Amino acid sequence: MYFYGTTGVNKNGNLEIGGVDSLELTKEFGTPLYVYDVALMRERARSFKQAFEEQEIKSQVAYASKAFSTIAMIQLAEEEGLSLDVVSGGELYTAIAAGFPVERIHFHGNNKSREELEMALDHEIGCIVVDNFSELALLKTIAKEKNAHVNILLRITPGIEAHTHDYILTGQEDSKFGFDLQNGQAEQALTMALQFESFDVLGLHCHIGSQIFETTGFLLAAQKIVEKMDAWKNEHSFEAKVLNLGGGFGIRYTKEDEPIPPSQYVSEIIREVKKLTESYSLKMPEIWIEPGRSLVGDAGVTLYKVGSSKEVPGVRKYLAVDGGMSDNIRPALYQAKYEAVLANKPLTKAKETVSIAGKCCESGDMLIWDLPLPDVGEEDILAVFCTGAYGYSMANNYNRIPRPAVVFVENGTATLVVKRETYEDLIKHDLPLK
């Protein structure tokens, strides 16, 4: 068993998270239940920030809230001095409701509506990451109507896409995100943005992929972007104040994953950008990054109650739990893999191999294939690790299943931060036919 953060086994032989017995959590809050290790999230946030501070580099570490956005999580990010990356009006509204400092909010997205951009300008958020020509024109119109000054970054696609260990250097024009660096779109966007006096073009943004376990892709992206920054300084008298290299830092889901420490990502990125800017005689830009999964992913555990079982002789044994693709769609969506234990028997030797099925009416609702477990009985509690990113945020009400509660645990205390949905919640927006 691999222990994440404060996870361990207590004197009762039960799985413990944040100093709280997981079985006590299920008794108090029910199942399925998302549980977050607050100490681990704080540790990750501080490790990213400290890596910049130790090298005295101006920076912003922006939590990519699409990974997990709730008022409590946004407030935790603010406590740790993070900035915030939002990608929709709903995420922006959550940040505002949480009291997050608006000057540290960055607004992403490839199809921001007029209403979303108006909300951003009305609240004078810190930065809008402009994604395409349509948005550039719309934002110009709204800024003129409101007589507003807007800080922007231009999102560019540098021709690099990272697939964990594989870096593709060509063919990335075919993306729904950003201005392409290779075909002239990025330069055209920069020229247009610099001509509008209400825009302050702070710099450039890119995002090369997700669940990345090496620094190579980030360094290649920095090389291509800084080279272009040098050209644009000479041709457009533009010198970027900010270079945002995005997120995508990987975490350990299973034993096949080998992530590197946050400090290594940061230190190698800083070293490369320093070297490049010095070689081109450019000013060192402020470096921004956007960790999401790497802050919250392995801090989350989902607790389920075991239900029915079915054995197909000579094939496999299915074990069903009281959740599934309604609270974690990642396995069905793109075959994501997880590890799990019985929370009430975490150290008991495995005796059989089972496949964990969800309760949704879909054959593809499978959480884990071929999981070694000890003898399992109904009412046992299954703990699935590393569900902190894109679990709650992608949860749904398929089959009219209410979404689970969310609990933060820290120093022996459990705090309910999202209430469990009720059947009444499911129908509160329904209207009768007559």
# chains A, B, ... in the order shown; residues from 1 in each chain; ligands from 1

call {"tool": "select_by_dssp", "arguments": {"residues": "stretch 138-279 of chain A", "states": "strand (DSSP E or B)", "output": "list in words"}}
result
Val150, Asn151, Ile152, Leu153, Leu154, Arg155, Ile156, Thr157, Glu161, Ala162, His163, Asp166, Tyr167, Ile168, Phe179, Asp180, Phe199, Asp200, Val201, Leu202, Gly203, Leu204, His205, Gly209, Ile212, Val242, Leu243, Asn244 and Phe249 of chain A

call {"tool": "write_last_selection", "arguments": {"atoms": "N, CA, C and O atoms", "output": "compact mmCIF listing (two decimals), in the first residue's frame"}}
result
# COMPACT_ATOMS: atom_id res chain seq x y z
N VAL A 150 -7.52 46.58 -19.50
CA VAL A 150 -7.50 45.13 -19.35
C VAL A 150 -6.07 44.60 -19.50
O VAL A 150 -5.40 44.88 -20.50
N ASN A 151 -5.64 43.83 -18.50
CA ASN A 151 -4.38 43.10 -18.62
C ASN A 151 -4.66 41.79 -19.34
O ASN A 151 -5.58 41.05 -18.96
N ILE A 152 -3.86 41.49 -20.36
CA ILE A 152 -4.08 40.24 -21.08
C ILE A 152 -2.76 39.48 -21.27
O ILE A 152 -1.68 40.06 -21.28
N LEU A 153 -2.91 38.16 -21.39
CA LEU A 153 -1.87 37.30 -21.94
C LEU A 153 -2.42 36.72 -23.24
O LEU A 153 -3.63 36.50 -23.36
N LEU A 154 -1.56 36.47 -24.19
CA LEU A 154 -1.97 35.78 -25.41
C LEU A 154 -1.61 34.31 -25.27
O LEU A 154 -0.44 33.97 -25.03
N ARG A 155 -2.62 33.44 -25.40
CA ARG A 155 -2.34 32.00 -25.35
C ARG A 155 -1.84 31.55 -26.71
O ARG A 155 -2.52 31.74 -27.73
N ILE A 156 -0.67 30.95 -26.71
CA ILE A 156 -0.09 30.49 -27.96
C ILE A 156 0.14 28.99 -27.92
O ILE A 156 0.30 28.39 -26.86
N THR A 157 0.13 28.38 -29.09
CA THR A 157 0.49 26.96 -29.20
C THR A 157 1.88 26.90 -29.82
O THR A 157 2.06 27.26 -30.99
N GLU A 161 3.59 19.24 -27.92
CA GLU A 161 2.55 18.62 -27.11
C GLU A 161 3.18 17.48 -26.35
O GLU A 161 3.88 16.64 -26.92
N ALA A 162 2.96 17.47 -25.05
CA ALA A 162 3.58 16.45 -24.21
C ALA A 162 2.60 15.34 -23.88
O ALA A 162 1.49 15.59 -23.43
N HIS A 163 3.01 14.10 -24.10
CA HIS A 163 2.23 12.92 -23.71
C HIS A 163 3.07 12.13 -22.71
O HIS A 163 3.57 11.06 -23.01
N ASP A 166 6.46 11.46 -24.23
CA ASP A 166 6.60 11.59 -25.67
C ASP A 166 6.32 13.03 -26.06
O ASP A 166 5.26 13.57 -25.77
N TYR A 167 7.26 13.67 -26.74
CA TYR A 167 7.10 15.07 -27.11
C TYR A 167 7.01 15.20 -28.63
O TYR A 167 7.90 14.78 -29.36
N ILE A 168 5.92 15.77 -29.10
CA ILE A 168 5.67 15.93 -30.52
C ILE A 168 5.98 17.38 -30.87
O ILE A 168 5.44 18.31 -30.26
N PHE A 179 -3.31 30.81 -30.21
CA PHE A 179 -2.78 31.31 -31.47
C PHE A 179 -1.52 30.52 -31.81
O PHE A 179 -0.61 30.43 -31.00
N ASP A 180 -1.46 30.00 -33.03
CA ASP A 180 -0.32 29.17 -33.41
C ASP A 180 0.94 30.02 -33.61
O ASP A 180 0.91 31.06 -34.26
N PHE A 199 -5.61 47.75 -23.82
CA PHE A 199 -4.98 46.47 -23.49
C PHE A 199 -3.56 46.70 -23.00
O PHE A 199 -2.80 47.46 -23.60
N ASP A 200 -3.21 46.03 -21.92
CA ASP A 200 -1.82 45.92 -21.51
C ASP A 200 -1.42 44.46 -21.74
O ASP A 200 -1.86 43.58 -21.00
N VAL A 201 -0.66 44.22 -22.79
CA VAL A 201 -0.26 42.86 -23.11
C VAL A 201 0.90 42.49 -22.19
O VAL A 201 2.05 42.83 -22.44
N LEU A 202 0.56 41.75 -21.13
CA LEU A 202 1.58 41.41 -20.13
C LEU A 202 2.58 40.41 -20.68
O LEU A 202 3.76 40.43 -20.32
N GLY A 203 2.12 39.49 -21.53
CA GLY A 203 3.03 38.48 -22.03
C GLY A 203 2.33 37.34 -22.71
O GLY A 203 1.24 37.51 -23.28
N LEU A 204 2.90 36.16 -22.57
CA LEU A 204 2.48 35.00 -23.35
C LEU A 204 2.19 33.80 -22.45
O LEU A 204 2.82 33.65 -21.40
N HIS A 205 1.28 32.97 -22.90
CA HIS A 205 0.89 31.78 -22.15
C HIS A 205 0.90 30.57 -23.08
O HIS A 205 0.55 30.67 -24.26
N GLY A 209 0.27 20.13 -22.12
CA GLY A 209 -0.31 18.81 -21.87
C GLY A 209 -0.58 18.58 -20.40
O GLY A 209 -0.51 19.50 -19.58
N ILE A 212 2.40 15.19 -16.86
CA ILE A 212 3.75 15.17 -17.42
C ILE A 212 4.75 14.85 -16.32
O ILE A 212 4.74 15.46 -15.25
N VAL A 242 5.61 38.83 -18.66
CA VAL A 242 5.18 37.56 -18.07
C VAL A 242 5.34 36.43 -19.08
O VAL A 242 4.96 36.58 -20.25
N LEU A 243 5.87 35.32 -18.62
CA LEU A 243 5.88 34.08 -19.39
C LEU A 243 5.19 33.02 -18.56
O LEU A 243 5.69 32.61 -17.52
N ASN A 244 4.01 32.61 -19.02
CA ASN A 244 3.22 31.61 -18.31
C ASN A 244 3.36 30.28 -19.04
O ASN A 244 2.91 30.15 -20.18
N PHE A 249 1.70 19.21 -14.46
CA PHE A 249 2.66 18.44 -13.67
C PHE A 249 2.01 17.16 -13.14
O PHE A 249 0.94 17.19 -12.55

call {"tool": "residues_around", "arguments": {"residues": "stretch 368-374 of chain A", "least_positions_apart": "6", "cutoff": "7 Å", "atoms": "only C-alpha atoms", "output": "MDAnalysis selection string"}}
result
chainID A and resid 337:338 341 348:356

call {"tool": "residues_around", "arguments": {"residues": "A:Lys11", "least_positions_apart": "4", "cutoff": "10 Å", "atoms": "only C-alpha atoms", "output": "list in words"}}
result
Leu15, Glu16 and Asp21 of chain A

call {"tool": "residues_around", "arguments": {"residues": "A:Ile57", "least_positions_apart": "4", "cutoff": "12 Å", "atoms": "only C-alpha atoms", "output": "list of chain:residue names"}}
result
A:Lys49, A:Gln50, A:Ala51, A:Phe52, A:Glu53, A:Val61, A:Val242, A:Val266, A:Ser267, A:Ile269, A:Ile270, A:Arg271, A:Val273, A:Lys274, A:Met284, A:Pro285, A:Glu286, A:Ile287, A:Trp288

call {"tool": "write_last_selection", "arguments": {"atoms": "C-alpha atoms", "output": "mmCIF file, in the first residue's frame"}}
result
data_model
loop_
_atom_site.group_PDB
_atom_site.id
_atom_site.type_symbol
_atom_site.label_atom_id
_atom_site.label_comp_id
_atom_site.auth_asym_id
_atom_site.auth_seq_id
_atom_site.Cartn_x
_atom_site.Cartn_y
_atom_site.Cartn_z
ATOM 1 C CA LYS A 49 6.011 28.773 -4.178
ATOM 2 C CA GLN A 50 9.167 28.078 -2.187
ATOM 3 C CA ALA A 51 11.029 26.924 -5.289
ATOM 4 C CA PHE A 52 10.521 30.369 -6.841
ATOM 5 C CA GLU A 53 11.227 32.237 -3.614
ATOM 6 C CA VAL A 61 1.658 30.092 -8.814
ATOM 7 C CA VAL A 242 5.178 37.558 -18.070
ATOM 8 C CA VAL A 266 10.339 24.927 -11.157
ATOM 9 C CA SER A 267 14.125 24.975 -10.820
ATOM 10 C CA ILE A 269 12.173 25.984 -15.867
ATOM 11 C CA ILE A 270 13.825 28.945 -14.125
ATOM 12 C CA ARG A 271 17.295 27.867 -15.182
ATOM 13 C CA VAL A 273 14.382 30.807 -19.009
ATOM 14 C CA LYS A 274 17.304 32.599 -17.345
ATOM 15 C CA MET A 284 13.924 38.115 -17.191
ATOM 16 C CA PRO A 285 10.113 37.847 -17.283
ATOM 17 C CA GLU A 286 7.912 37.045 -14.336
ATOM 18 C CA ILE A 287 7.235 33.304 -14.537
ATOM 19 C CA TRP A 288 3.723 32.003 -13.955
#

call {"tool": "closest_residue", "arguments": {"among": "A:His106, A:Lys228, A:Lys305, A:Arg330", "to": "A:Tyr390", "atoms": "only C-alpha atoms"}}
result
A:Arg330

call {"tool": "closest_residue", "arguments": {"among": "A:Phe385, A:Tyr398, A:Tyr34, A:Phe133", "to": "A:Ile329", "atoms": "only C-alpha atoms"}}
result
A:Tyr398

call {"tool": "select_by_dssp", "arguments": {"residues": "stretch 29-97 of chain A", "states": "alpha helix (DSSP H)", "output": "PyMOL selection string"}}
result
chain A and resi 29+38-54+71-79+89-97

call {"tool": "closest_residue", "arguments": {"among": "A:Arg114, A:Leu426, A:Met366, A:His149", "to": "A:Cys127", "atoms": "only C-alpha atoms"}}
result
A:His149

call {"tool": "residues_around", "arguments": {"residues": "stretch 235-239 of chain A", "least_positions_apart": "4", "cutoff": "8 Å", "atoms": "only C-alpha atoms", "output": "PyMOL selection string"}}
result
chain A and resi 191+203+229-231+282-283

call {"tool": "atom_distance", "arguments": {"atom1": "atom CA of A:Arg46", "atom2": "atom CA of A:Val417"}}
result
22.1 Å

call {"tool": "atom_distance", "arguments": {"atom1": "atom CA of A:Val226", "atom2": "atom CA of A:Leu276"}}
result
6.7 Å

call {"tool": "residues_around", "arguments": {"residues": "A:Ala67", "least_positions_apart": "2", "cutoff": "6 Å", "atoms": "only C-alpha atoms", "output": "JSON list (two decimals) with all heavy atoms, in the first residue's frame"}}
result
[["chain", "number", "residue", "atom", "x", "y", "z"],
["A", 65, "SER", "N", -8.21, 25.96, -11.00],
["A", 65, "SER", "CA", -9.37, 25.53, -10.20],
["A", 65, "SER", "C", -10.29, 24.57, -10.93],
["A", 65, "SER", "O", -11.17, 23.97, -10.31],
["A", 65, "SER", "CB", -10.16, 26.75, -9.72],
["A", 65, "SER", "OG", -10.72, 27.47, -10.79],
["A", 292, "GLY", "N", -2.74, 22.27, -11.04],
["A", 292, "GLY", "CA", -4.10, 21.94, -10.60],
["A", 292, "GLY", "C", -4.11, 20.56, -10.00],
["A", 292, "GLY", "O", -4.15, 20.37, -8.79],
["A", 293, "ARG", "N", -4.02, 19.54, -10.88],
["A", 293, "ARG", "CA", -3.96, 18.16, -10.44],
["A", 293, "ARG", "C", -2.85, 17.94, -9.41],
["A", 293, "ARG", "O", -3.02, 17.22, -8.43],
["A", 293, "ARG", "CB", -3.72, 17.27, -11.66],
["A", 293, "ARG", "CG", -3.70, 15.77, -11.39],
["A", 293, "ARG", "CD", -3.00, 15.00, -12.52],
["A", 293, "ARG", "NE", -3.38, 15.47, -13.84],
["A", 293, "ARG", "CZ", -4.37, 14.96, -14.56],
["A", 293, "ARG", "NH1", -5.08, 13.96, -14.09],
["A", 293, "ARG", "NH2", -4.63, 15.44, -15.77],
["A", 389, "ALA", "N", -8.56, 15.32, -8.11],
["A", 389, "ALA", "CA", -8.66, 16.17, -9.30],
["A", 389, "ALA", "C", -9.64, 15.56, -10.29],
["A", 389, "ALA", "O", -9.56, 14.37, -10.62],
["A", 389, "ALA", "CB", -7.28, 16.32, -9.96],
["A", 390, "TYR", "N", -10.57, 16.36, -10.75],
["A", 390, "TYR", "CA", -11.52, 15.98, -11.80],
["A", 390, "TYR", "C", -12.46, 14.86, -11.36],
["A", 390, "TYR", "O", -13.03, 14.16, -12.20],
["A", 390, "TYR", "CB", -10.80, 15.61, -13.09],
["A", 390, "TYR", "CG", -9.83, 16.69, -13.52],
["A", 390, "TYR", "CD1", -8.46, 16.52, -13.38],
["A", 390, "TYR", "CD2", -10.32, 17.90, -13.99],
["A", 390, "TYR", "CE1", -7.57, 17.53, -13.73],
["A", 390, "TYR", "CE2", -9.44, 18.92, -14.33],
["A", 390, "TYR", "CZ", -8.07, 18.72, -14.20],
["A", 390, "TYR", "OH", -7.20, 19.73, -14.54]]
